[in-house]
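Engineer: Mind looking over this structure? Questions follow.
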Amino acid sequence: MTTIAAPIDRATWRICWIIVFGAFASGLDASVVTIGLDSISSDLGADLSTTQWVASGYLLALALSLPLTGWLARRFGAGRVWLAALAAFTVASGLCAIAPDVVLLIAFRFLQGLAGGILIPAGQTVLGQQVGAARLGRVMATLGIAVSVAPALGPLAGGLILHGLSWPWLFLINLPIGAVGLVLGLRYVPRGTPTATGGIDFAGLALIAAGLPLVLYAVTTWGDTGRLDWPILLPGLALLGWFVQRCRRHPRPLLDFSLYRNRLYRAASLAAAFNGALIFGSGIVVTLYFQLGRHLDFVGTGLSLLGFAGATAAIAPVTGRAVDRYGAAPVALAGAVLAVVTTVPFAFLPVDAPGAVVQVLLAGYGASVALVSMPMGIAAYKTVAPERLPDAAAQVTILLRVGGSLGGAVFAVLIAGRLPDADAAFRLGFGAISVGAVGALGTAWLVRRAS
């Protein structure tokens with residue numbers, strides 16, 4: 001069904017780009033620090049296995065803070081929560097830069113992750129409550145530029161920084177971004193209206209705060225080691241199951257799972273989780289393709305990914321307008337077809353294929369990422385009332401993160417199993433992406449049937 005997209009005023013776009021500013025800092029920091037671990041380890045006199053927690057602790061803290069976002073937004077207003085998270089993220093970045101030893105660096109990095117995890121779902125809530133369902137696609141797709149592009153730019157940004165500066169600058173770059181975002185946010189971002197009057201369910205928080213990081217850690221290490229750590233995974237799954245049951249019975253649950261009674265929300269959430277696995281997993285394949293297959297350094301890999309990131313950023317606004325006009329499912333279906341068309345050739349090309357061919361295909365796949373990944377989250381948000389957006393944003397972000405961790409692990413294991421034969425490894429990897437794109441067609445069809 002085609003509809004006429006409602007116009008968006010200049011003030012709303014200004015709020016949108018301020019929110020994007022904060023989301024970009026959080027997304028960039030998730031990947032920019034990873035390439036500096038060796039430098040940090042050497043400078044602070046710590047072994048690499050300990051220093052690895054500078055990256056792992058940040059990712060686990062991101063997961064830990066997500067369940068709190070919904071309650072915080074209801075209790076204090078989404079805009080206030082976003083501003084507080086950006087301020088905390090900026091301060092924690094400065095503390096990371098001056099950390100005298102690796103233990104304090106890991107602790108400050110954990111605090112930075114707690115704040116960073118809140119920024120994106122809180123920002124989505126601000127935007128959703130500001131614009132309403134009819135205009136949601138365009139503003140959420142604009143926010144998706146930061147979510148999709150920032151991690152891809154991380155290796156390039158980190159490599160350029162370390163080429164001429166020391167590792168503290170990996171954190172110091174967040175200070176001007178955070179400062180500008182705060183100045184603009186304090187002036188223009190609406191604070192939101194608090195709706196929750198009750199206290200937080202601390203028992204529920206304890207269950208998900210323990211269970212979600214355990215699951216994500218087990219899945220992430222599976223991608224690194226090729227072995228699934230069942231003694232960590234199974235307790236994590238049990239705690240999450242207990243958390244779900246508690247939320248279903250509690251009068252004031254930490255997350256409102258009654259949203260899943262809506263057929264369209266349920267289908268769109270499932271599709272978002274699947275697409276998270278596909279997009280984040282394929283990101284691992286593409287990055288390793290340049291590093292292990294074409295033997296490029298971090299800067300070279302980052303430069304090679306610019307076409308991919310640029311295409312994603314260019315198509316994202318088009319995606320938002322198309323979702324508002326035609327609906328989420330047709331846009332995602334078109335994106336899944338484009339993903340198949342642009343990844344199947346990689347399964348037959350040698351790793352030393354001409355660079356121009358690689359870049360054309362990669363740009364096409366970058367465009368498909370925007371078309372596939374963004375509509376499903378937007379479809380889920382469009383089904384809920386504004387006052388329930390905090391829960392929806394937190395739930396969809398959790399599903400994306402769990403799906404992304406699982407996808408990253410699966411694709412990493414597939415490639416590792418075929419190395420050192422790079423041709424075989426990456427043919428299998430890109431073949432798996434193509435199969436995943438066909439799966440994305442299926443999930444988009446489910447959303448279409450539920451619409």
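The way I read the labels, and the way they are meant: chains A, B, ... in the order of the structure tokens, residue 1 as the first residue of every chain, and ligand 1 as the first ligand shown, with later ones counted on from there.
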If you take only C-alpha atoms and a cut-off of 12 Å, which residues of stretch 283-381 of chain A touch stretch 390-400 of chain A, and what are their nearest atom pairs and distances in Å to one decimal, in chain and number order, as a Markdown table?
Structural biologist:
```
| residue | atom | partner | partner_atom | distance |
| --- | --- | --- | --- | --- |
| A:Ser373 | CA | A:Leu400 | CA | 9.7 |
| A:Met374 | CA | A:Leu400 | CA | 10.9 |
| A:Met376 | CA | A:Val396 | CA | 9.5 |
| A:Gly377 | CA | A:Val396 | CA | 6.7 |
| A:Ile378 | CA | A:Val396 | CA | 9.8 |
| A:Ala379 | CA | A:Val396 | CA | 10.8 |
| A:Ala380 | CA | A:Ala392 | CA | 7.5 |
| A:Tyr381 | CA | A:Ala392 | CA | 6.5 |
```
Engineer: Between atom CA of A:Arg246 and atom CA of A:Leu233, what is the distance in Å, rounded to a tenth?
Structural biologist: 20.0 Å
Engineer: Looking at only C-alpha atoms, which of A:Leu264, A:Val341, A:Val103, A:Cys247 is the one that sits closest to A:Leu446?
Structural biologist: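 Among the listed residues, A:Leu264 lies closest to A:Leu446.
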Engineer: If we count only C-alpha atoms and set the cut-off at 9 Å, which residues sit around A:Tyr260, ignoring sequence neighbours fewer than 6 positions away in its own chain? Please answer as a list in words.
Structural biologist: Arg266, Ala267 and Ser269 of chain A
Engineer: Nearest to A:Gly327 among A:Ala134, A:Ile284, A:Val81, A:Leu362, with distances taken over only C-alpha atoms: which residue is it?
Structural biologist: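 Selected residue with least distance to A:Gly327: A:Ala134.
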Engineer: For the atom pair atom CA of A:Pro151 and atom CA of A:Leu28, what is the interatomic distance in Å to one decimal place?
Structural biologist: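 Interatomic distance here is 5.1 Å.
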Engineer: Neighbouring residues of A:Val331 were defined as those with any atom within 8 Å, considering only C-alpha atoms; residues of the same chain fewer than 2 positions away were excluded. Please report them as a PyMOL selection string.
Structural biologist: chain A and resi 319+322-323+326-329+333-335+371-372+375
Engineer: What would the file look like if the residues just selected were written as a PDB file, in the first residue's frame with N, CA and C atoms?
Structural biologist:
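What follows is the written file selection-v9.pdb:
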```pdb
ATOM      1  N   THR A 319      15.773   4.745   2.328  1.00  0.00           N
ATOM      2  CA  THR A 319      15.066   3.665   3.009  1.00  0.00           C
ATOM      3  C   THR A 319      13.962   4.216   3.901  1.00  0.00           C
ATOM      4  N   ALA A 322      11.056   5.449   1.888  1.00  0.00           N
ATOM      5  CA  ALA A 322      10.335   4.328   1.278  1.00  0.00           C
ATOM      6  C   ALA A 322       9.480   3.584   2.300  1.00  0.00           C
ATOM      7  N   VAL A 323      10.010   3.411   3.521  1.00  0.00           N
ATOM      8  CA  VAL A 323       9.240   2.734   4.566  1.00  0.00           C
ATOM      9  C   VAL A 323       7.998   3.537   4.922  1.00  0.00           C
ATOM     10  N   TYR A 326       5.758   3.111   1.505  1.00  0.00           N
ATOM     11  CA  TYR A 326       5.328   1.805   0.997  1.00  0.00           C
ATOM     12  C   TYR A 326       5.200   0.728   2.079  1.00  0.00           C
ATOM     13  N   GLY A 327       5.722   0.995   3.284  1.00  0.00           N
ATOM     14  CA  GLY A 327       5.727  -0.022   4.321  1.00  0.00           C
ATOM     15  C   GLY A 327       7.081  -0.700   4.425  1.00  0.00           C
ATOM     16  N   ALA A 328       7.315  -1.376   5.541  1.00  0.00           N
ATOM     17  CA  ALA A 328       8.628  -1.960   5.804  1.00  0.00           C
ATOM     18  C   ALA A 328       8.915  -3.198   4.970  1.00  0.00           C
ATOM     19  N   ALA A 329       7.922  -4.069   4.826  1.00  0.00           N
ATOM     20  CA  ALA A 329       8.171  -5.362   4.188  1.00  0.00           C
ATOM     21  C   ALA A 329       8.639  -5.233   2.733  1.00  0.00           C
ATOM     22  N   LEU A 333      12.233  -6.638   1.443  1.00  0.00           N
ATOM     23  CA  LEU A 333      12.273  -7.660   0.390  1.00  0.00           C
ATOM     24  C   LEU A 333      13.213  -7.227  -0.735  1.00  0.00           C
ATOM     25  N   ALA A 334      13.119  -5.969  -1.159  1.00  0.00           N
ATOM     26  CA  ALA A 334      14.012  -5.470  -2.208  1.00  0.00           C
ATOM     27  C   ALA A 334      15.465  -5.512  -1.753  1.00  0.00           C
ATOM     28  N   GLY A 335      15.709  -5.152  -0.491  1.00  0.00           N
ATOM     29  CA  GLY A 335      17.066  -5.188   0.038  1.00  0.00           C
ATOM     30  C   GLY A 335      17.630  -6.592   0.094  1.00  0.00           C
ATOM     31  N   LEU A 371      18.758  -1.258   3.312  1.00  0.00           N
ATOM     32  CA  LEU A 371      17.399  -1.641   2.941  1.00  0.00           C
ATOM     33  C   LEU A 371      16.869  -2.798   3.786  1.00  0.00           C
ATOM     34  N   VAL A 372      17.771  -3.681   4.232  1.00  0.00           N
ATOM     35  CA  VAL A 372      17.343  -4.859   4.987  1.00  0.00           C
ATOM     36  C   VAL A 372      17.259  -4.589   6.474  1.00  0.00           C
ATOM     37  N   PRO A 375      14.310  -1.359   8.098  1.00  0.00           N
ATOM     38  CA  PRO A 375      12.845  -1.408   8.073  1.00  0.00           C
ATOM     39  C   PRO A 375      12.211  -2.250   9.171  1.00  0.00           C
TER      40      PRO A 375
END
```
Engineer: Out of A:Ala332, A:Ile106, A:Leu62, A:Val20, which residue has the shortest atom-to-atom distance to A:Ala271 when counting only C-alpha atoms?
Structural biologist: A:Ala332
Engineer: Considering only helix (DSSP H, G or I) as DSSP defines it on the backbone, what residues of stretch 158-236 of chain A qualify? List them as a ChimeraX atom specification.
Structural biologist: /A:158-164,169-172,174-188,202-225,230-236
